[in-house]
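The structure appears below as structure tokens.
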Amino acid sequence: MANSDSEDPNPKIDPEEKLPSNVNENGVNEVEPEEADDDEFEEEDEEDEEDDQEPPLQRKPFSEESRLRAEKAKLESLFRRISTEKVDLRVHDVLIKGNTKTKEYLIEAELEGIKKATTMQELLAASAIANANLRELEIFDSVRITLDSGPPELPGTTNVIVEVVETESVITGELGCYTKPAARSWTAEGSLKFKNLFGYGDLWDGSLAYGPSQTSEVSAGVLLPRFKGFVSPVTARAFLLSQDWLELSSYKERMAGLSLSLFSTRHHDVVYNLGWRTLTDPSQMASKSIRRQLGHGLLSSIKYTFKIDRRNSPMRPTRGYSFVSSSHVGGLAPDNRSVRFVRQEIDLRYAVPFGFYHAALNFGVSGGVIFPWGNGFLNKPSSLPERFFLGGDFSPVCTLGGPATVWGFKTRGLGPTEPRRHVRDNSNQDASESSGRDFIGGDLAVSAFADISFDLPLRWLRERGVHGHVFAGAGNVAKLSENEFRKFSFQRFFESFRSSVGAGIVIPTKIFRLECNYYYILKQLEHDGGKVGFRFSISAPS
């Protein structure tokens, strides 16, 4: 029998006498829970540090608005720098793209300013000028000039890329009706233009002008922007002109000739004219002065024109000024039938804004003088077609070039006149009657005008540019040739000025100015053609 006091092989351990918690059954020390937690935290911290060392997450892309704002800030910074300091920049190369037909040298000729630029400011200015010049050739639908960075090994350089789009419409046409200083009534004009036929920027055109029972003209010409190294465009034009002045001056004029533009820039123009002119009188009733000029004549002349026009609009100027001076010399041929004369014209305009209702004052003064030259020129008359004639239903506001009109007077309705031949009645040879008078023009002409334009109260009219105006004009013509200058008196000349006032409505368009005016004649002489009343006129800017 087993002894109860004998030792139990598997004695029960008292809970209070259990092994320490850090000793396992195998006697190996174990980490206490608190220590384990600390180690876990250390490991987590290390993992966090490793996570921190990982690359950050990618940010969301900028919105379109933010991107535009950033680009705007960069551009503003660049503009500030350009405006405050010079940025040295040299053109490394110029690349031309898009010219499938146009000769490259023609485009390169307009880019000389770009190649010479040494700063960013000069390059931007030259690019704007080149862009405008290329568009003025009328052979490109669009022109785009881009500045690109130059080669990396050449800092401070840029490549200029010129992209052009050649026009698809090689044929264009125009049609209109106008009143002009050289016409008694309105004329219908049409033209066809062929662009860049041979790739030299050449513009070929044919035109036709016709006025009922008065004027007709047929002409054809070509313009070459660059020809044989010329720095300015060269224009050649052949024409056939017919004008009927029987009603006013008892003669008809026919002329065939050639016009050649020798030099033409923004402010200067030199033109040579060569033509064969014939003056006839089918009625055989012309006055003595007209009869002396009938027959054939050779016109060989050169004309120089200097022009500055700083007005903000040719149709309705509200600020700015313009000045035109033209010198015309005829008789540059040894033929004794060559018409010899010296003609000078000046025209000054100024526009002053009032600051309310878009109102502005336009005023102008113009004058001209003509004289024959050669042996015995003091006793010779001046050339009839080159004399000055005032009058006509067109606006002096948009017409530059010299004395041509006074409001309210008919075409050639102001100036010296002479009686026509008398017609004898077969039934009574002692009786006779006058057949009227011829306007023979003058050698000295002066005219002036003032025009106040203003907006009309209706918004619909203002939005379309329709406006009102009140005006006044004055002018006079006198004879100086054939020793008449010895009798000339400035006092009598200004005392005999004809004058008129009026008001009307103006409808300006892109190609002409339409007016409906009421004219009132303040002063006219016995044989003048002034007339009170309403009249319409269509004027083209010159």
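Labels for the structure tokens follow display order: chains A, B, ..., residues from 1 in each chain, ligands from 1.
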- prompt: What's the 8 Å shell around region 241-249 of chain A, counting only C-alpha atoms, without same-chain residues fewer than 4 positions away, as number ranges by chain?
  reply: A: 213-218, 253-256, 281, 283, 286, 290, 412, 437-440
For the selection you just gave me, I'd like the residues written to a file as a short mmCIF file (atom, residue, chain, number, x, y, z; two decimals), in the first residue's frame, keeping all heavy atoms.
data_model
loop_
_atom_site.label_atom_id
_atom_site.label_comp_id
_atom_site.auth_asym_id
_atom_site.auth_seq_id
_atom_site.Cartn_x
_atom_site.Cartn_y
_atom_site.Cartn_z
N SER A 213 -22.35 109.73 -119.70
CA SER A 213 -22.11 110.85 -120.63
C SER A 213 -20.98 111.76 -120.19
O SER A 213 -20.94 112.93 -120.52
CB SER A 213 -23.38 111.71 -120.79
OG SER A 213 -23.68 112.40 -119.59
N GLN A 214 -20.01 111.21 -119.43
CA GLN A 214 -18.94 112.10 -118.99
C GLN A 214 -17.56 111.46 -118.97
O GLN A 214 -16.67 111.90 -119.66
CB GLN A 214 -19.27 112.65 -117.59
CG GLN A 214 -18.50 113.91 -117.21
CD GLN A 214 -17.23 113.58 -116.46
OE1 GLN A 214 -17.15 112.56 -115.81
NE2 GLN A 214 -16.23 114.44 -116.59
N THR A 215 -17.36 110.41 -118.19
CA THR A 215 -16.03 109.87 -117.99
C THR A 215 -16.02 108.36 -118.19
O THR A 215 -16.92 107.66 -117.76
CB THR A 215 -15.53 110.17 -116.55
OG1 THR A 215 -15.53 111.57 -116.35
CG2 THR A 215 -14.12 109.63 -116.34
N SER A 216 -14.97 107.88 -118.85
CA SER A 216 -14.73 106.44 -118.94
C SER A 216 -13.23 106.22 -118.95
O SER A 216 -12.47 107.00 -119.53
CB SER A 216 -15.38 105.84 -120.19
OG SER A 216 -14.84 106.42 -121.35
N GLU A 217 -12.82 105.15 -118.28
CA GLU A 217 -11.39 104.85 -118.19
C GLU A 217 -11.21 103.34 -118.13
O GLU A 217 -11.89 102.65 -117.39
CB GLU A 217 -10.76 105.50 -116.96
CG GLU A 217 -9.27 105.20 -116.83
CD GLU A 217 -8.65 105.85 -115.61
OE1 GLU A 217 -9.41 106.45 -114.82
OE2 GLU A 217 -7.43 105.75 -115.44
N VAL A 218 -10.28 102.86 -118.92
CA VAL A 218 -9.87 101.45 -118.91
C VAL A 218 -8.38 101.42 -118.63
O VAL A 218 -7.60 102.14 -119.28
CB VAL A 218 -10.18 100.76 -120.25
CG1 VAL A 218 -9.74 99.30 -120.21
CG2 VAL A 218 -11.67 100.84 -120.57
N GLU A 253 -11.78 115.33 -123.86
CA GLU A 253 -10.38 114.95 -123.68
C GLU A 253 -10.25 113.43 -123.83
O GLU A 253 -11.00 112.67 -123.21
CB GLU A 253 -9.88 115.38 -122.31
CG GLU A 253 -8.46 114.92 -122.01
CD GLU A 253 -8.02 115.25 -120.59
OE1 GLU A 253 -8.83 115.85 -119.85
OE2 GLU A 253 -6.88 114.90 -120.23
N ARG A 254 -9.29 113.01 -124.64
CA ARG A 254 -8.95 111.61 -124.77
C ARG A 254 -7.44 111.47 -124.59
O ARG A 254 -6.66 112.24 -125.15
CB ARG A 254 -9.36 111.05 -126.12
CG ARG A 254 -10.86 110.85 -126.26
CD ARG A 254 -11.24 110.26 -127.62
NE ARG A 254 -12.65 109.96 -127.70
CZ ARG A 254 -13.59 110.84 -128.02
NH1 ARG A 254 -13.24 112.09 -128.27
NH2 ARG A 254 -14.86 110.50 -128.06
N MET A 255 -7.07 110.44 -123.83
CA MET A 255 -5.65 110.28 -123.54
C MET A 255 -5.32 108.80 -123.39
O MET A 255 -6.05 108.05 -122.75
CB MET A 255 -5.30 111.04 -122.25
CG MET A 255 -3.82 111.02 -121.91
SD MET A 255 -3.48 112.07 -120.49
CE MET A 255 -1.71 111.84 -120.33
N ALA A 256 -4.22 108.40 -124.00
CA ALA A 256 -3.68 107.04 -123.86
C ALA A 256 -2.24 107.16 -123.39
O ALA A 256 -1.48 108.00 -123.92
CB ALA A 256 -3.75 106.29 -125.18
N ASP A 281 -13.45 119.77 -129.83
CA ASP A 281 -14.70 120.49 -129.57
C ASP A 281 -15.73 120.11 -130.64
O ASP A 281 -15.87 120.81 -131.65
CB ASP A 281 -14.46 121.99 -129.56
CG ASP A 281 -15.76 122.78 -129.42
OD1 ASP A 281 -16.73 122.22 -128.87
OD2 ASP A 281 -15.80 123.94 -129.89
N SER A 283 -18.85 120.46 -130.62
CA SER A 283 -19.92 121.46 -130.74
C SER A 283 -19.48 122.69 -131.54
O SER A 283 -20.33 123.45 -132.03
CB SER A 283 -20.37 121.91 -129.36
OG SER A 283 -19.34 122.63 -128.70
N ALA A 286 -16.76 126.46 -128.56
CA ALA A 286 -15.89 126.76 -127.43
C ALA A 286 -15.48 128.22 -127.41
O ALA A 286 -15.42 128.90 -128.45
CB ALA A 286 -14.66 125.86 -127.49
N ILE A 290 -10.49 128.22 -124.81
CA ILE A 290 -10.57 126.78 -125.03
C ILE A 290 -10.09 126.43 -126.43
O ILE A 290 -9.34 125.46 -126.63
CB ILE A 290 -12.01 126.28 -124.81
CG1 ILE A 290 -12.49 126.61 -123.39
CG2 ILE A 290 -12.11 124.79 -125.09
CD1 ILE A 290 -11.73 125.93 -122.30
N ARG A 412 -16.81 122.19 -111.36
CA ARG A 412 -16.29 123.30 -112.17
C ARG A 412 -17.25 124.49 -112.14
O ARG A 412 -17.34 125.24 -113.11
CB ARG A 412 -16.05 122.86 -113.61
CG ARG A 412 -14.97 121.81 -113.77
CD ARG A 412 -14.50 121.70 -115.21
NE ARG A 412 -13.38 120.79 -115.32
CZ ARG A 412 -12.61 120.65 -116.40
NH1 ARG A 412 -12.87 121.38 -117.47
NH2 ARG A 412 -11.62 119.79 -116.42
N ARG A 437 -21.53 130.11 -121.22
CA ARG A 437 -20.16 130.44 -120.87
C ARG A 437 -19.40 129.16 -120.55
O ARG A 437 -19.96 128.16 -120.07
CB ARG A 437 -20.13 131.40 -119.67
CG ARG A 437 -20.88 132.70 -119.91
CD ARG A 437 -20.76 133.61 -118.70
NE ARG A 437 -19.42 134.17 -118.54
CZ ARG A 437 -19.01 135.30 -119.11
NH1 ARG A 437 -19.82 135.98 -119.92
NH2 ARG A 437 -17.80 135.76 -118.89
N ASP A 438 -18.09 129.22 -120.78
CA ASP A 438 -17.20 128.11 -120.46
C ASP A 438 -16.45 128.42 -119.17
O ASP A 438 -15.92 129.53 -118.99
CB ASP A 438 -16.17 127.90 -121.58
CG ASP A 438 -16.77 127.25 -122.80
OD1 ASP A 438 -17.77 126.51 -122.64
OD2 ASP A 438 -16.26 127.49 -123.91
N PHE A 439 -16.37 127.43 -118.29
CA PHE A 439 -15.49 127.53 -117.12
C PHE A 439 -14.09 127.14 -117.57
O PHE A 439 -13.86 126.01 -118.04
CB PHE A 439 -15.97 126.60 -116.00
CG PHE A 439 -17.23 127.06 -115.34
CD1 PHE A 439 -18.46 126.60 -115.77
CD2 PHE A 439 -17.19 127.97 -114.29
CE1 PHE A 439 -19.63 127.03 -115.16
CE2 PHE A 439 -18.36 128.40 -113.68
CZ PHE A 439 -19.58 127.93 -114.11
N ILE A 440 -13.16 128.08 -117.47
CA ILE A 440 -11.82 127.88 -118.03
C ILE A 440 -10.78 127.59 -116.96
O ILE A 440 -9.59 127.40 -117.28
CB ILE A 440 -11.39 129.10 -118.85
CG1 ILE A 440 -11.34 130.35 -117.97
CG2 ILE A 440 -12.34 129.31 -120.03
CD1 ILE A 440 -10.80 131.57 -118.69
#
Determine, using only C-alpha atoms, which residues of region 269-332 of chain A have any atom at most 12 Å from an atom of region 505-515 of chain A, and tabulate each with its shortest atom pair and distance in Å to one decimal place, rows ordered by chain and then rising number, as a Markdown table.
| residue | atom | partner | partner_atom | distance |
| --- | --- | --- | --- | --- |
| A:Ser313 | CA | A:Lys510 | CA | 10.4 |
| A:Pro314 | CA | A:Arg513 | CA | 9.7 |
| A:Met315 | CA | A:Pro508 | CA | 6.3 |
| A:Arg316 | CA | A:Pro508 | CA | 7.5 |
| A:Pro317 | CA | A:Pro508 | CA | 11.2 |
Based on the selection just made, write all heavy atoms of those residues as a CSV table (one decimal), in the first residue's frame.
chain,number,residue,atom,x,y,z
A,313,SER,N,-8.9,108.2,-88.4
A,313,SER,CA,-9.8,107.6,-89.4
A,313,SER,C,-9.9,108.5,-90.6
A,313,SER,O,-10.0,109.7,-90.5
A,313,SER,CB,-11.2,107.4,-88.8
A,313,SER,OG,-12.1,107.1,-89.8
A,314,PRO,N,-9.8,107.9,-91.8
A,314,PRO,CA,-10.0,108.8,-93.0
A,314,PRO,C,-11.4,109.1,-93.3
A,314,PRO,O,-11.7,110.1,-94.0
A,314,PRO,CB,-9.4,107.9,-94.2
A,314,PRO,CG,-9.6,106.5,-93.7
A,314,PRO,CD,-9.5,106.5,-92.2
A,315,MET,N,-12.4,108.3,-92.8
A,315,MET,CA,-13.8,108.6,-93.0
A,315,MET,C,-14.4,109.6,-92.0
A,315,MET,O,-15.2,110.5,-92.4
A,315,MET,CB,-14.6,107.3,-92.9
A,315,MET,CG,-14.3,106.3,-94.0
A,315,MET,SD,-14.8,106.9,-95.6
A,315,MET,CE,-14.4,105.5,-96.7
A,316,ARG,N,-14.1,109.4,-90.7
A,316,ARG,CA,-14.6,110.3,-89.7
A,316,ARG,C,-13.4,110.6,-88.7
A,316,ARG,O,-13.3,110.1,-87.7
A,316,ARG,CB,-15.8,109.8,-89.0
A,316,ARG,CG,-16.4,110.8,-88.0
A,316,ARG,CD,-17.5,110.1,-87.1
A,316,ARG,NE,-18.0,111.1,-86.2
A,316,ARG,CZ,-18.8,110.8,-85.2
A,316,ARG,NH1,-19.3,109.6,-85.1
A,316,ARG,NH2,-19.3,111.8,-84.4
A,317,PRO,N,-12.5,111.5,-89.1
A,317,PRO,CA,-11.4,111.9,-88.2
A,317,PRO,C,-11.9,112.6,-87.0
A,317,PRO,O,-12.7,113.6,-87.1
A,317,PRO,CB,-10.5,112.8,-89.1
A,317,PRO,CG,-11.1,112.7,-90.4
A,317,PRO,CD,-12.5,112.3,-90.3
task: Could you check how far CA of Leu240 (chain A) sits from CA of Asn273 (chain A), in Å to one decimal?
output: 12.8 Å
- request: Excluding Gly391 (chain A) and any residue of its chain fewer than 6 positions from it, enumerate the residues within 10 Å of it, using only C-alpha atoms, and give them as a PyMOL selection string.
  value: chain A and resi 181-182+184+403-415+475+528-530
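Within region 94-140 of chain A, residues classed as helix (DSSP H, G or I) by DSSP on backbone coordinates are Glu104, Tyr105, Leu106, Ile107, Glu108, Ala109, Glu112, Gly113, Ile114, Lys115, Lys116, Met120, Gln121, Glu122, Leu123, Leu124, Ala125, Ala126, Ser127, Ala128, Ile129, Ala130, Asn131, Ala132, Asn133, Leu134, Arg135 and Glu136 of chain A.
Ranking A:Pro225, A:Pro457, A:Gly465, A:Gly364 by their shortest atom-to-atom distance to Pro396 (chain A), with only C-alpha atoms included, puts A:Gly364 first.
Here CA of Gly320 (chain A) is placed at a distance of 8.5 Å from CA of Arg349 (chain A).
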Distance query region 106-121 of chain A at most 6 Å, only C-alpha atoms, self and fewer than 3 positions along chain excluded, as a ChimeraX atom specification: /A:87-90,103,124,126,130
Generate a file of the selected residues that holds N, CA, C and O atoms, formatted as a PDB file, in the first residue's frame.
ATOM      1  N   VAL A  87      17.421  93.570 -72.697  1.00  0.00           N
ATOM      2  CA  VAL A  87      17.779  92.152 -72.640  1.00  0.00           C
ATOM      3  C   VAL A  87      18.541  91.830 -73.923  1.00  0.00           C
ATOM      4  O   VAL A  87      17.978  91.841 -75.016  1.00  0.00           O
ATOM      5  N   ASP A  88      19.830  91.567 -73.807  1.00  0.00           N
ATOM      6  CA  ASP A  88      20.652  91.255 -74.970  1.00  0.00           C
ATOM      7  C   ASP A  88      20.194  89.946 -75.597  1.00  0.00           C
ATOM      8  O   ASP A  88      20.051  88.919 -74.904  1.00  0.00           O
ATOM      9  N   LEU A  89      19.996  89.987 -76.885  1.00  0.00           N
ATOM     10  CA  LEU A  89      19.534  88.792 -77.601  1.00  0.00           C
ATOM     11  C   LEU A  89      19.946  88.927 -79.067  1.00  0.00           C
ATOM     12  O   LEU A  89      19.735  89.967 -79.686  1.00  0.00           O
ATOM     13  N   ARG A  90      20.521  87.864 -79.586  1.00  0.00           N
ATOM     14  CA  ARG A  90      20.995  87.872 -80.973  1.00  0.00           C
ATOM     15  C   ARG A  90      20.282  86.791 -81.760  1.00  0.00           C
ATOM     16  O   ARG A  90      20.029  85.685 -81.244  1.00  0.00           O
ATOM     17  N   LYS A 103       8.466  83.214-103.631  1.00  0.00           N
ATOM     18  CA  LYS A 103       9.915  83.146-103.566  1.00  0.00           C
ATOM     19  C   LYS A 103      10.394  83.540-102.175  1.00  0.00           C
ATOM     20  O   LYS A 103       9.912  84.509-101.584  1.00  0.00           O
ATOM     21  N   LEU A 124      11.399  92.420 -80.839  1.00  0.00           N
ATOM     22  CA  LEU A 124       9.934  92.465 -80.801  1.00  0.00           C
ATOM     23  C   LEU A 124       9.399  93.553 -81.731  1.00  0.00           C
ATOM     24  O   LEU A 124       8.417  93.350 -82.446  1.00  0.00           O
ATOM     25  N   ALA A 126      10.934  94.852 -84.392  1.00  0.00           N
ATOM     26  CA  ALA A 126      11.187  94.471 -85.775  1.00  0.00           C
ATOM     27  C   ALA A 126      10.244  93.368 -86.237  1.00  0.00           C
ATOM     28  O   ALA A 126       9.821  93.344 -87.401  1.00  0.00           O
ATOM     29  N   ALA A 130       7.781  93.605 -89.444  1.00  0.00           N
ATOM     30  CA  ALA A 130       7.859  92.593 -90.503  1.00  0.00           C
ATOM     31  C   ALA A 130       6.514  91.918 -90.717  1.00  0.00           C
ATOM     32  O   ALA A 130       6.113  91.652 -91.861  1.00  0.00           O
TER      33      ALA A 130
END
task: Could you please write out, as number ranges by chain, every residue of region 238-432 of chain A that DSSP assigns to strand (DSSP E)?
output: A: 238-244, 252-264, 268-280, 295-309, 320-330, 341-353, 360-371, 417-419, 422-425, 428-432
message: Could you list, as JSON, numbers by chain, every residue within 9 Å of Ser219 (chain A), counting only C-alpha atoms and ignoring same-chain residues fewer than 4 positions away?
response: {"A": [205, 206, 207, 208, 209, 237, 238, 239, 240, 241]}
Atoms to include: all heavy atoms. Write the selected residues as a JSON list (two decimals), in the first residue's frame.
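Just written: again.json:
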[["chain", "number", "residue", "atom", "x", "y", "z"],
["A", 205, "ASP", "N", -3.81, 93.72, -112.12],
["A", 205, "ASP", "CA", -5.20, 94.17, -112.01],
["A", 205, "ASP", "C", -5.65, 94.86, -113.28],
["A", 205, "ASP", "O", -4.86, 95.43, -114.03],
["A", 205, "ASP", "CB", -5.36, 95.12, -110.81],
["A", 205, "ASP", "CG", -4.78, 96.49, -111.08],
["A", 205, "ASP", "OD1", -3.54, 96.63, -111.01],
["A", 205, "ASP", "OD2", -5.55, 97.42, -111.37],
["A", 206, "GLY", "N", -6.94, 94.78, -113.50],
["A", 206, "GLY", "CA", -7.59, 95.50, -114.57],
["A", 206, "GLY", "C", -8.80, 96.22, -114.02],
["A", 206, "GLY", "O", -9.50, 95.68, -113.16],
["A", 207, "SER", "N", -9.03, 97.44, -114.45],
["A", 207, "SER", "CA", -10.11, 98.24, -113.89],
["A", 207, "SER", "C", -10.86, 98.98, -114.98],
["A", 207, "SER", "O", -10.31, 99.28, -116.05],
["A", 207, "SER", "CB", -9.59, 99.24, -112.85],
["A", 207, "SER", "OG", -8.72, 100.17, -113.44],
["A", 208, "LEU", "N", -12.10, 99.27, -114.67],
["A", 208, "LEU", "CA", -12.98, 100.00, -115.59],
["A", 208, "LEU", "C", -13.79, 101.00, -114.79],
["A", 208, "LEU", "O", -14.36, 100.66, -113.75],
["A", 208, "LEU", "CB", -13.91, 99.03, -116.32],
["A", 208, "LEU", "CG", -15.02, 99.65, -117.18],
["A", 208, "LEU", "CD1", -14.40, 100.39, -118.36],
["A", 208, "LEU", "CD2", -15.99, 98.57, -117.66],
["A", 209, "ALA", "N", -13.81, 102.25, -115.24],
["A", 209, "ALA", "CA", -14.61, 103.31, -114.61],
["A", 209, "ALA", "C", -15.49, 103.94, -115.67],
["A", 209, "ALA", "O", -15.03, 104.24, -116.78],
["A", 209, "ALA", "CB", -13.71, 104.37, -113.97],
["A", 237, "ARG", "N", 1.50, 100.95, -115.21],
["A", 237, "ARG", "CA", 0.08, 100.95, -115.54],
["A", 237, "ARG", "C", -0.14, 101.60, -116.90],
["A", 237, "ARG", "O", 0.38, 102.69, -117.17],
["A", 237, "ARG", "CB", -0.70, 101.71, -114.47],
["A", 237, "ARG", "CG", -2.20, 101.57, -114.60],
["A", 237, "ARG", "CD", -2.92, 102.02, -113.34],
["A", 237, "ARG", "NE", -4.21, 101.39, -113.26],
["A", 237, "ARG", "CZ", -4.42, 100.20, -112.75],
["A", 237, "ARG", "NH1", -3.41, 99.50, -112.27],
["A", 237, "ARG", "NH2", -5.62, 99.67, -112.71],
["A", 238, "ALA", "N", -0.91, 100.91, -117.74],
["A", 238, "ALA", "CA", -1.33, 101.46, -119.02],
["A", 238, "ALA", "C", -2.80, 101.86, -118.93],
["A", 238, "ALA", "O", -3.59, 101.15, -118.30],
["A", 238, "ALA", "CB", -1.12, 100.43, -120.13],
["A", 239, "PHE", "N", -3.16, 102.97, -119.54],
["A", 239, "PHE", "CA", -4.52, 103.47, -119.38],
["A", 239, "PHE", "C", -5.03, 104.12, -120.66],
["A", 239, "PHE", "O", -4.25, 104.59, -121.50],
["A", 239, "PHE", "CB", -4.60, 104.47, -118.23],
["A", 239, "PHE", "CG", -3.75, 105.70, -118.41],
["A", 239, "PHE", "CD1", -4.22, 106.82, -119.08],
["A", 239, "PHE", "CD2", -2.45, 105.72, -117.93],
["A", 239, "PHE", "CE1", -3.44, 107.94, -119.25],
["A", 239, "PHE", "CE2", -1.64, 106.84, -118.10],
["A", 239, "PHE", "CZ", -2.14, 107.95, -118.75],
["A", 240, "LEU", "N", -6.33, 104.14, -120.77],
["A", 240, "LEU", "CA", -7.03, 104.84, -121.85],
["A", 240, "LEU", "C", -8.17, 105.62, -121.20],
["A", 240, "LEU", "O", -9.07, 105.04, -120.59],
["A", 240, "LEU", "CB", -7.58, 103.84, -122.86],
["A", 240, "LEU", "CG", -8.36, 104.43, -124.04],
["A", 240, "LEU", "CD1", -7.46, 105.34, -124.88],
["A", 240, "LEU", "CD2", -8.95, 103.32, -124.91],
["A", 241, "LEU", "N", -8.11, 106.94, -121.30],
["A", 241, "LEU", "CA", -9.03, 107.83, -120.58],
["A", 241, "LEU", "C", -9.81, 108.68, -121.56],
["A", 241, "LEU", "O", -9.26, 109.21, -122.53],
["A", 241, "LEU", "CB", -8.24, 108.73, -119.62],
["A", 241, "LEU", "CG", -9.02, 109.83, -118.89],
["A", 241, "LEU", "CD1", -10.01, 109.24, -117.91],
["A", 241, "LEU", "CD2", -8.04, 110.77, -118.19]]
